[in-house]
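**Student:** Below is the file model_2.cif, which contains mmCIF, C-alpha atoms.
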```cif
data_final
#
loop_
_atom_site.label_atom_id
_atom_site.label_comp_id
_atom_site.auth_asym_id
_atom_site.auth_seq_id
_atom_site.Cartn_x
_atom_site.Cartn_y
_atom_site.Cartn_z
CA MET A 1 74.93 146.15 -31.68
CA GLY A 2 77.22 148.88 -33.05
CA GLN A 3 75.68 151.41 -30.67
CA ILE A 4 76.34 149.18 -27.65
CA LYS A 5 80.01 148.73 -28.57
CA SER A 6 80.36 152.48 -29.01
CA GLU A 7 78.84 153.12 -25.57
CA GLN A 8 81.11 150.50 -24.00
CA ARG A 9 84.17 152.07 -25.60
CA ILE A 10 83.21 155.50 -24.31
CA ARG A 11 82.62 154.09 -20.81
CA ASN A 12 85.94 152.18 -20.89
CA PHE A 13 87.74 155.29 -22.09
CA LYS A 14 86.29 157.37 -19.26
CA ILE A 15 87.25 154.74 -16.67
CA ALA A 16 90.79 154.47 -18.06
CA TRP A 17 91.11 158.27 -18.14
CA ILE A 18 89.98 158.62 -14.52
CA GLY A 19 92.35 155.86 -13.41
CA THR A 20 95.28 157.44 -15.23
CA PHE A 21 94.43 160.86 -13.83
CA MET A 22 94.24 159.57 -10.26
CA ALA A 23 97.51 157.64 -10.62
CA GLY A 24 99.18 160.77 -11.98
CA MET A 25 97.88 162.81 -9.05
CA ALA A 26 99.17 160.26 -6.56
CA PHE A 27 102.54 160.13 -8.29
CA SER A 28 102.90 163.91 -8.32
CA GLU A 29 102.01 164.08 -4.63
CA ALA A 30 104.70 161.54 -3.67
CA MET A 31 107.57 162.82 -5.81
CA PRO A 32 108.44 165.94 -3.74
CA PHE A 33 109.17 163.69 -0.76
CA LEU A 34 111.44 161.33 -2.68
CA ALA A 35 114.61 163.22 -1.76
CA LEU A 36 113.67 163.14 1.93
CA TYR A 37 113.10 159.39 1.73
CA ILE A 38 116.47 158.87 0.03
CA MET A 39 118.19 160.94 2.74
CA GLN A 40 116.67 158.60 5.36
CA ILE A 41 118.09 155.49 3.65
CA SER A 42 121.70 156.41 4.34
CA HIS A 43 123.99 159.35 4.94
CA PHE A 44 124.30 160.79 1.45
CA ASN A 45 125.58 164.27 0.71
CA GLN A 46 123.34 166.74 -1.14
CA ALA A 47 124.81 165.93 -4.57
CA GLN A 48 124.22 162.20 -4.09
CA VAL A 49 120.66 162.76 -2.88
CA SER A 50 119.94 164.93 -5.93
CA PHE A 51 121.45 162.32 -8.25
CA TYR A 52 119.55 159.37 -6.76
CA ALA A 53 116.29 161.31 -6.61
CA GLY A 54 116.71 162.24 -10.27
CA ILE A 55 117.48 158.65 -11.25
CA SER A 56 114.46 157.29 -9.39
CA TYR A 57 112.20 160.01 -10.82
CA ALA A 58 113.39 159.33 -14.37
CA ALA A 59 113.18 155.55 -13.97
CA SER A 60 109.39 155.56 -13.92
CA TYR A 61 109.24 157.48 -17.20
CA LEU A 62 111.86 155.20 -18.74
CA VAL A 63 109.75 152.19 -17.84
CA VAL A 64 106.71 153.86 -19.42
CA ILE A 65 108.68 154.47 -22.63
CA LEU A 66 109.83 150.86 -22.77
CA VAL A 67 106.54 149.19 -21.85
CA SER A 68 104.08 151.38 -23.78
CA PRO A 69 104.66 149.59 -27.11
CA ILE A 70 104.02 146.25 -25.40
CA TRP A 71 100.75 147.51 -23.91
CA GLY A 72 99.79 148.92 -27.30
CA LYS A 73 100.40 145.59 -28.98
CA ILE A 74 98.39 143.76 -26.32
CA ALA A 75 95.54 146.27 -26.70
CA ASP A 76 95.40 145.77 -30.46
#
```
Can you dump the structure from the file as structure tokens?

**Tutor:**
Amino acid sequence: MGQIKSEQRIRNFKIAWIGTFMAGMAFSEAMPFLALYIMQISHFNQAQVSFYAGISYAASYLVVILVSPIWGKIAD
């Protein structure tokens, strides 16, 4: 029984790793176009576009920082 749990943990780890890797790849492919998307929303000057692109880029990492302890508690 201990061997089966160990194999399941390894399989689950590999699946989670692949999912995280693919999500990271997709995120890194979309981020360079964020400034272009923000420019299409309205007529912002270059400083405003840079500011809003930076805020939206940082927001995803801020959410990860805030939610990671919750996910960790759920996982335990």

**Student:** Distance CA of Ala59 in chain A-CA of Met31 in chain A, one decimal place?

**Tutor:** 12.3 Å

**Student:** CA of Ala75 in chain A to CA of Ala16 in chain A: how many Å, to one decimal?

**Tutor:** 12.8 Å

**Student:** Could you check the closest approach to Ser56 in chain A for each of A:Lys14, A:Met22, A:Tyr37, A:Asp76 and tell me which residue wins, using only C-alpha atoms?

**Tutor:**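 Of all the options, A:Tyr37 lies closest to Ser56 in chain A.
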
**Student:** Give the centre and edge lengths of an axis-aligned box, in Å to one decimal, that holds all listed atoms of range 8-12 of chain A with 8 Å on each side, as AutoDock Vina command-line options.

**Tutor:**
```
--center_x 83.5 --center_y 153.0 --center_z -23.2 --size_x 20.8 --size_y 21.0 --size_z 20.8
```

**Student:** For CA of Phe51 in chain A and CA of Pro32 in chain A, quote the distance in Å rounded to one decimal.

**Tutor:**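 Going from CA of Phe51 in chain A over to CA of Pro32 in chain A, I get 14.2 Å.
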
**Student:** List as a ChimeraX atom specification the protein and nucleic acid residues near Leu34 in chain A, meaning an atom at most 10 Å away when all atoms listed in the file are counted, but skip any in the same chain fewer than 6 places from it.

**Tutor:** /A:40,49-50,52-54,56-57

**Student:** Restricting the calculation to all atoms listed in the file: of A:Ser6, A:Asn12, A:Ser60, A:Gln46, which residue gets closest to Ser28 in chain A?

**Tutor:**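 Once distances to Ser28 in chain A are computed over all atoms listed in the file, the minimum belongs to A:Ser60.
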
**Student:** Which of these, A:Ala23, A:Arg9, A:Ala35, A:Trp17, has the shortest distance to Ile55 in chain A once you count only C-alpha atoms?

**Tutor:**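 Once distances to Ile55 in chain A are computed over only C-alpha atoms, the minimum belongs to A:Ala35.
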